[in-house]
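What follows is one structure encoded as structure tokens, with my remarks underneath.
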Amino acid sequence: MEHPLSSEDSPTPASWPLGLDRLAYGGDYNPEQWPEEIWEQDVRLMREAGVSMVSVGIFSWALLETERGEYDFGWLDRLLDLLHENGIRVDLGTPTVVPPAWFYREHPEALPVSREGVRYEFGGRGAICHSSPAYQQAAASITEQLGRRYGRHPAVALWHVHNEYGVPVSACYCDASAEHFRRWLADRYGTVKELNEAWGTTFWGQRYNRWGDIQPPRATPTACNPAQQLDFARFTSDAILENFKRERDLLHRLSPGVPVTTNFMTALSQCESLDYWAWGREVDLVTNDHYLIAEADRNHINLAMSADLTRSVAGGRPWLLLEHSTGAVNWQPRNIAKVPGELARNSLAHVARGSEGAMFFQWRASRYGAEKFHSTMLPHAGTESRIWREVVALGADLGSLRAVRGSRVVADAAVLWDWQSWWAQKLEWRPTMDHDARERADSWYAALYDRHLTVDFAHPEADLSGYPLVVVPALYLMTEAASRNLREYVAGGGTLAVSYFSGIVDENDTVPAGPHPGALRDVLGLTVEEFAPLRAGETVRLRDGGGCELTGDVWSEFVVPAGAEPVWSYLDGPAAGHPAVTRHSLGDGAAWYVSSRLTGAQLDPVLARACADAGLAERQIPCDVEVVERVGEHGRYLFAINHTSADAVLPLAGPGAELLTGVPTDGSVTVPANSTRVVQLPR
Ligand code: GAL
Ligand code: ZN
């Protein structure tokens with residue numbers, strides 16, 4: 001069979017699955033669990049459901065390399081041919097997330113070690129020390145075999161390196177990792193003296209004379225040096241990224257024209273250990289896995305946030321949802337099933353926010369192993385099931401959305417996010433255990449969502465000039481470059497809204513000389529004389545000049561204005577009588593500061609004032625009706641997802657066409673309860 005692309009190496013790697021001319025629809029397909037007769041049935045049903053791509057081979061190392069250097073590719077050859085004959089594109093995995101038992105027989109030292117010194121065992125998946133030379137070599141070798149054999153196979157549309165780097169184990173504290181960490185440090189600092197300065201090792205007499213004396217931050221009797229821990233977190237993300245890049249580079253060489261991805265988990269609820277700003281730059285196509293927190297109230301907000309974060313790490317370019325679930329998962333405390341229609345709503349919510357399709361874990365329900373109670377596209381109940389009917393319907397829906405391919409999401413505002421600042425805030429001995437950077441990001445995001453504003457996430461040093469409003473939720477660690485960036489943004493006419501515990505330390509967890517917040521004093525026009533965290537359950541009241549009263553908890557502090565005007569002040573609590581929320585005019589813009597923890601209806605009045613400064617008008621859309629716009633060459637696509645149990649009517653600017661029902665619209669569209677509508681409007 002002929003490869004759809006010429007055999008010449010393409011100079012820039014492709015960024016969309018080769019030969020896939022529709023939105024991607026399908027899932028993880030692990031057919032090695034069944035006799036081959038079943039495969040024929042699988043493929044017939046895939047066609048019935050409109051499946052356009054499946055991910056295969058992700059966990060198959062032990063089946064492909066049965067002992068070191070002994071290979072069995074026959075089954076995968078037959079599988080790829082079958083899929084190809086049926087027009088189903090293949091996202092081919094490199095199976096390097098589960099080295100086989102024989103590998104650990106030879107290399108038990110490649111099993112990862114926890115901070116407490118526990119060596120994990122084989123028997124689950126992902127037991128990998130990413131600094132192990134034996135692992136690196138074996139992973140490169142099986143990847144090379146696959147690249148040679150299938151690099152130009154006509155079925156192969158995309159390479160899926162590894163699986164969800166960063167979980168279940170990311171950091172390893174073994175001796176090989178310690179060695180690797182020292183090399184990374186030597187690269188970053190050049191000399192031990194520089195390292196001593198950056199880490200502030202004078203304190204508690206931690207001064208080092210030799211590289212060899214430096215260890216990973218293993219379990220210590222009391223708080224471990226925060227800069228050491230922060231660097232170890234950075235090292236961990238970088239060390240894992242090196243392993244991705246090694247496989248990627250091999251595949252680029254052996255499989256020209258086929259993009260290489262690895263599935264991210266950008267949701268802050270799912271993976272903490274990777275700096276996805278750096279990772280996003282290294283993949284040809286950003287792909288993401290998202291799982292709802294099934295029991296959480298309004299969990300569609302976490303979904304939207306994960307989708308926005310994914311698009312942002314993709315630099316606004318199209319991305320792809322590579323995994324989510326058709327119904328319940330099996331690894332949460334209570335695996336609540338999705339309600340009818342939720343599967344489509346979830347899928348289309350990802351598409352609304354830039355995903356070029358929707359894929360699932362997994363195609364057919366496993367009969368054995370750890371994930372047999374996880375929902376699938378083809379459940380144990382078979383095709384006589386609600387889930388199957390919804391899967392077929394979604395395939396048809398995605399078929400009608402072909403036109404949205406390549407269009408870009410329109411954002412109203414930006415939220416600053418930095419994984420490194422998050423890591424720093426999770427270290428020991430902070431002003432209060434009740435402060436949580438992720439909670440602040442979730443909370444501000446939800447407030448923006450409830451105002452029906454679509455947001456991009458941005459790195460603190462990114463160009464912000466295109467956004468009328470930038471929100472900064474607890475950005476504790478801030479570099480000088482970020483500080484300059486925010487000053488220029490506001491002076492240039494932007495509106496900034498900043499949470500407490502922002503701009504407190506530099507990249508080494510060191511407080512700049514002078515009062516807090518060192519990096520933001522001039523942009524906010526204030527200093528903070530003293531933090532005054534609250535007792536568990538304690539609240540404080542805030543009031544503005546017009547009598548608008550708000551309630552905060554967790555945090556208060558003594559704000560000393562230096563140019564900023566107090567807008568809300570504390571009525572009670574430790575800082576009673578002092579400013580609580582301030583506004584500072586700087587150049588052509590304004591910077592808001594919120595010194596207590598405000599959430600939901602308590603946060604909204606402050607956000608409303610910042611939105612007014614930014615010229616972001618209020619939108620008359622019912623709560624929990626999600627409206628997002630994508631713009632492409634052939635029009636604007638208005639996605640309206642109704643998460644409520646009442647129909648909603650949305651006004652439209654002019655005549656258009658609803659793509660899922662094929663019905664023309666004029667002036668408005670009705671979005672039935674629990675459903676989605678996608679209206680194409682002229683540009
Ligand atoms: C993902 C993983 C899949 C499957 C799924 C279950 O994190 O990549 O292989 O385990 O979770 O929800
Ligand atoms: Zn290790």
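In the structure tokens, the first chain shown is A, the next is B, and so on; residue numbers restart at 1 for each chain, and ligands run from 1 in the order shown.
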
Find the nearest atom pair between each residue of chain A and ligand 2 for residues within 7 Å, count only C-alpha atoms and all ligand atoms, give distances in Å to one decimal, sort rows by chain and ascending number, and present the table as JSON lines.
```
{"residue": "A:Ala110", "atom": "CA", "partner": "ligand 2", "partner_atom_place_in_ligand_line": "1 (Zn)", "distance": 6.7}
{"residue": "A:Pro112", "atom": "CA", "partner": "ligand 2", "partner_atom_place_in_ligand_line": "1 (Zn)", "distance": 5.1}
{"residue": "A:Val113", "atom": "CA", "partner": "ligand 2", "partner_atom_place_in_ligand_line": "1 (Zn)", "distance": 6.2}
{"residue": "A:Cys129", "atom": "CA", "partner": "ligand 2", "partner_atom_place_in_ligand_line": "1 (Zn)", "distance": 4.2}
{"residue": "A:His130", "atom": "CA", "partner": "ligand 2", "partner_atom_place_in_ligand_line": "1 (Zn)", "distance": 6.3}
{"residue": "A:Ser131", "atom": "CA", "partner": "ligand 2", "partner_atom_place_in_ligand_line": "1 (Zn)", "distance": 5.4}
{"residue": "A:Ser132", "atom": "CA", "partner": "ligand 2", "partner_atom_place_in_ligand_line": "1 (Zn)", "distance": 6.0}
{"residue": "A:Cys172", "atom": "CA", "partner": "ligand 2", "partner_atom_place_in_ligand_line": "1 (Zn)", "distance": 4.4}
{"residue": "A:Tyr173", "atom": "CA", "partner": "ligand 2", "partner_atom_place_in_ligand_line": "1 (Zn)", "distance": 5.5}
{"residue": "A:Cys174", "atom": "CA", "partner": "ligand 2", "partner_atom_place_in_ligand_line": "1 (Zn)", "distance": 4.1}
{"residue": "A:Asp175", "atom": "CA", "partner": "ligand 2", "partner_atom_place_in_ligand_line": "1 (Zn)", "distance": 6.3}
{"residue": "A:Ala176", "atom": "CA", "partner": "ligand 2", "partner_atom_place_in_ligand_line": "1 (Zn)", "distance": 5.2}
{"residue": "A:Ser177", "atom": "CA", "partner": "ligand 2", "partner_atom_place_in_ligand_line": "1 (Zn)", "distance": 4.1}
```

Note to self: Please list as a PyMOL selection string every residue within 10 Å of Glu67 in chain A, counting only C-alpha atoms and excluding residues in the same chain fewer than 6 positions away.
What the structure shows: chain A and resi 61+100-103

Keeping only all heavy atoms, take the residues you just selected and write them out as a short mmCIF file (atom, residue, chain, number, x, y, z; two decimals), in the first residue's frame.
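As written to disk, part_2.cif reads:
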```cif
data_model
loop_
_atom_site.label_atom_id
_atom_site.label_comp_id
_atom_site.auth_asym_id
_atom_site.auth_seq_id
_atom_site.Cartn_x
_atom_site.Cartn_y
_atom_site.Cartn_z
N TRP A 61 3.93 -3.17 24.91
CA TRP A 61 5.36 -3.50 24.80
C TRP A 61 5.61 -5.00 25.01
O TRP A 61 6.30 -5.65 24.21
CB TRP A 61 6.16 -2.67 25.81
CG TRP A 61 7.65 -2.64 25.63
CD1 TRP A 61 8.41 -3.51 24.89
CD2 TRP A 61 8.56 -1.70 26.21
NE1 TRP A 61 9.74 -3.15 24.97
CE2 TRP A 61 9.86 -2.04 25.78
CE3 TRP A 61 8.41 -0.59 27.06
CZ2 TRP A 61 11.00 -1.33 26.17
CZ3 TRP A 61 9.54 0.12 27.45
CH2 TRP A 61 10.82 -0.25 27.00
N PRO A 100 8.13 -4.24 29.93
CA PRO A 100 7.71 -5.60 30.29
C PRO A 100 8.42 -6.14 31.53
O PRO A 100 9.47 -5.62 31.94
CB PRO A 100 8.13 -6.43 29.07
CG PRO A 100 8.44 -5.47 27.99
CD PRO A 100 8.84 -4.20 28.64
N ALA A 101 7.86 -7.20 32.08
CA ALA A 101 8.44 -7.83 33.28
C ALA A 101 9.89 -8.23 33.02
O ALA A 101 10.74 -8.11 33.91
CB ALA A 101 7.60 -9.04 33.67
N TRP A 102 10.21 -8.72 31.78
CA TRP A 102 11.59 -9.16 31.52
C TRP A 102 12.58 -8.01 31.65
O TRP A 102 13.73 -8.19 32.01
CB TRP A 102 11.74 -9.85 30.15
CG TRP A 102 11.35 -9.03 28.93
CD1 TRP A 102 10.23 -9.20 28.17
CD2 TRP A 102 12.09 -7.96 28.31
NE1 TRP A 102 10.19 -8.29 27.14
CE2 TRP A 102 11.34 -7.52 27.20
CE3 TRP A 102 13.30 -7.32 28.59
CZ2 TRP A 102 11.75 -6.48 26.37
CZ3 TRP A 102 13.71 -6.28 27.76
CH2 TRP A 102 12.94 -5.87 26.67
N PHE A 103 12.09 -6.78 31.36
CA PHE A 103 12.98 -5.63 31.46
C PHE A 103 13.41 -5.40 32.92
O PHE A 103 14.58 -5.17 33.22
CB PHE A 103 12.30 -4.38 30.89
CG PHE A 103 13.06 -3.11 31.19
CD1 PHE A 103 14.20 -2.77 30.47
CD2 PHE A 103 12.65 -2.28 32.23
CE1 PHE A 103 14.92 -1.61 30.77
CE2 PHE A 103 13.36 -1.11 32.53
CZ PHE A 103 14.50 -0.79 31.80
#
```

Next item on the list: Would you please work out which residue, of A:Val97, A:Leu534, A:Ala612, A:Val490, is nearest to Ile142 in chain A when using only C-alpha atoms?
Entry: A:Val97

Note to self: Around ligand 1, out to 8 Å and counting only C-alpha atoms and all ligand atoms, which residues are there? I want them as a list in words.
What the structure shows: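 Every residue with an atom at most 8 Å from ligand 1 is listed here: Asp28, Asn163, Glu164, Asn263, Met265, Asp289, His290, Tyr291, Glu323, His324, Ser325, Val329, Asn330, Trp331, Phe361, Gln362, Glu371 and His374 of chain A.
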
Checklist line | Nearby residues (only C-alpha atoms) at most 7 Å from range 307-318 of chain A, same-chain spacing under 5 positions excluded, as JSON, numbers by chain | finding: {"A": [266, 276, 277, 280, 286, 288, 350, 353, 354, 355, 356, 406, 455, 456, 457, 458]}

Next item on the list: Name the residues of range 328-415 of chain A that fall into helix (DSSP H, G or I) according to DSSP on the backbone, using the chain letters and numbers of this document, as a PyMOL selection string.
Entry: chain A and resi 342-352+386-400+402-404

Only N, CA and C atoms, please: the residues just picked out, written as a tab-separated table (two decimals), in the first residue's frame.
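Done, and the output landed in again.tsv:
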```
chain	number	residue	atom	x	y	z
A	342	GLU	N	-25.15	13.88	28.40
A	342	GLU	CA	-23.95	14.51	28.96
A	342	GLU	C	-22.71	14.18	28.12
A	343	LEU	N	-22.71	12.99	27.57
A	343	LEU	CA	-21.60	12.56	26.73
A	343	LEU	C	-21.41	13.51	25.54
A	344	ALA	N	-22.52	13.89	24.91
A	344	ALA	CA	-22.43	14.81	23.76
A	344	ALA	C	-22.08	16.22	24.23
A	345	ARG	N	-22.72	16.63	25.32
A	345	ARG	CA	-22.43	17.98	25.83
A	345	ARG	C	-20.95	18.12	26.15
A	346	ASN	N	-20.40	17.13	26.85
A	346	ASN	CA	-18.98	17.18	27.21
A	346	ASN	C	-18.11	17.22	25.95
A	347	SER	N	-18.42	16.35	25.01
A	347	SER	CA	-17.59	16.27	23.80
A	347	SER	C	-17.62	17.59	23.05
A	348	LEU	N	-18.83	18.13	22.87
A	348	LEU	CA	-18.96	19.34	22.07
A	348	LEU	C	-18.43	20.56	22.82
A	349	ALA	N	-18.40	20.49	24.14
A	349	ALA	CA	-17.80	21.60	24.91
A	349	ALA	C	-16.30	21.66	24.64
A	350	HIS	N	-15.66	20.50	24.50
A	350	HIS	CA	-14.24	20.50	24.14
A	350	HIS	C	-14.05	21.04	22.73
A	351	VAL	N	-14.93	20.63	21.81
A	351	VAL	CA	-14.81	21.11	20.43
A	351	VAL	C	-15.02	22.63	20.38
A	352	ALA	N	-15.99	23.11	21.16
A	352	ALA	CA	-16.25	24.55	21.21
A	352	ALA	C	-14.98	25.32	21.56
A	386	ARG	N	-28.00	2.48	25.95
A	386	ARG	CA	-28.10	3.93	25.80
A	386	ARG	C	-26.76	4.51	25.35
A	387	ILE	N	-25.68	4.03	26.00
A	387	ILE	CA	-24.37	4.61	25.66
A	387	ILE	C	-24.06	4.38	24.19
A	388	TRP	N	-24.31	3.18	23.71
A	388	TRP	CA	-24.01	2.93	22.29
A	388	TRP	C	-24.82	3.87	21.39
A	389	ARG	N	-26.10	4.03	21.71
A	389	ARG	CA	-26.93	4.91	20.87
A	389	ARG	C	-26.39	6.34	20.91
A	390	GLU	N	-25.94	6.77	22.07
A	390	GLU	CA	-25.39	8.14	22.17
A	390	GLU	C	-24.06	8.25	21.43
A	391	VAL	N	-23.31	7.16	21.44
A	391	VAL	CA	-22.02	7.15	20.72
A	391	VAL	C	-22.26	7.28	19.22
A	392	VAL	N	-23.24	6.57	18.72
A	392	VAL	CA	-23.55	6.64	17.28
A	392	VAL	C	-24.05	8.04	16.92
A	393	ALA	N	-24.90	8.59	17.79
A	393	ALA	CA	-25.45	9.93	17.52
A	393	ALA	C	-24.33	10.98	17.53
A	394	LEU	N	-23.39	10.83	18.45
A	394	LEU	CA	-22.30	11.81	18.52
A	394	LEU	C	-21.42	11.72	17.26
A	395	GLY	N	-21.23	10.51	16.77
A	395	GLY	CA	-20.46	10.34	15.53
A	395	GLY	C	-21.10	11.13	14.39
A	396	ALA	N	-22.43	11.09	14.33
A	396	ALA	CA	-23.14	11.83	13.28
A	396	ALA	C	-23.00	13.33	13.52
A	397	ASP	N	-23.12	13.75	14.78
A	397	ASP	CA	-22.97	15.18	15.11
A	397	ASP	C	-21.60	15.70	14.66
A	398	LEU	N	-20.58	14.94	14.97
A	398	LEU	CA	-19.23	15.40	14.61
A	398	LEU	C	-19.09	15.45	13.09
A	399	GLY	N	-19.78	14.53	12.43
A	399	GLY	CA	-19.78	14.54	10.96
A	399	GLY	C	-20.36	15.85	10.42
A	400	SER	N	-21.37	16.40	11.11
A	400	SER	CA	-21.97	17.65	10.62
A	400	SER	C	-21.14	18.89	10.97
A	402	ARG	N	-17.87	19.26	10.32
A	402	ARG	CA	-16.65	19.28	9.53
A	402	ARG	C	-16.13	20.70	9.28
A	403	ALA	N	-17.08	21.63	9.04
A	403	ALA	CA	-16.69	22.99	8.65
A	403	ALA	C	-15.90	23.72	9.73
A	404	VAL	N	-16.04	23.32	10.98
A	404	VAL	CA	-15.36	24.09	12.05
A	404	VAL	C	-13.85	23.83	12.08
```

Checklist line | Contacts of Asp588 in chain A at 10 Å (only C-alpha atoms; same-chain gap of 6+ positions) as a list in words | finding: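 Final neighbour list, sorted by chain and number: Tyr489, Val490, Ala491, Gly492, Gly493, Gly494 and Thr495 of chain A.
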
Saved selection, atoms kept: all heavy atoms, as a compact mmCIF listing (two decimals), in the first residue's frame:
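So the final result, stored in result_21.txt, reads:
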```
# COMPACT_ATOMS: atom_id res chain seq x y z
N TYR A 489 1.79 46.22 30.50
CA TYR A 489 0.42 45.89 30.10
C TYR A 489 -0.56 46.93 30.64
O TYR A 489 -1.39 47.47 29.91
CB TYR A 489 0.06 44.48 30.57
CG TYR A 489 -1.41 44.20 30.46
CD1 TYR A 489 -2.00 44.01 29.21
CD2 TYR A 489 -2.23 44.16 31.59
CE1 TYR A 489 -3.36 43.78 29.09
CE2 TYR A 489 -3.59 43.94 31.48
CZ TYR A 489 -4.15 43.75 30.23
OH TYR A 489 -5.50 43.54 30.11
N VAL A 490 -0.44 47.23 31.92
CA VAL A 490 -1.38 48.18 32.52
C VAL A 490 -1.13 49.58 31.99
O VAL A 490 -2.06 50.27 31.56
CB VAL A 490 -1.31 48.15 34.06
CG1 VAL A 490 -2.21 49.22 34.67
CG2 VAL A 490 -1.72 46.77 34.58
N ALA A 491 0.14 49.98 31.98
CA ALA A 491 0.45 51.34 31.49
C ALA A 491 -0.07 51.53 30.07
O ALA A 491 -0.51 52.61 29.69
CB ALA A 491 1.95 51.58 31.56
N GLY A 492 -0.07 50.45 29.29
CA GLY A 492 -0.52 50.52 27.91
C GLY A 492 -2.03 50.48 27.76
O GLY A 492 -2.55 50.39 26.65
N GLY A 493 -2.77 50.47 28.87
CA GLY A 493 -4.23 50.54 28.77
C GLY A 493 -4.96 49.29 29.22
O GLY A 493 -6.18 49.23 29.15
N GLY A 494 -4.24 48.30 29.70
CA GLY A 494 -4.90 47.06 30.12
C GLY A 494 -5.51 47.17 31.51
O GLY A 494 -5.18 48.06 32.29
N THR A 495 -6.43 46.25 31.81
CA THR A 495 -6.99 46.16 33.16
C THR A 495 -6.51 44.85 33.78
O THR A 495 -6.64 43.78 33.19
CB THR A 495 -8.53 46.18 33.12
OG1 THR A 495 -8.95 47.38 32.50
CG2 THR A 495 -9.11 46.09 34.53
```
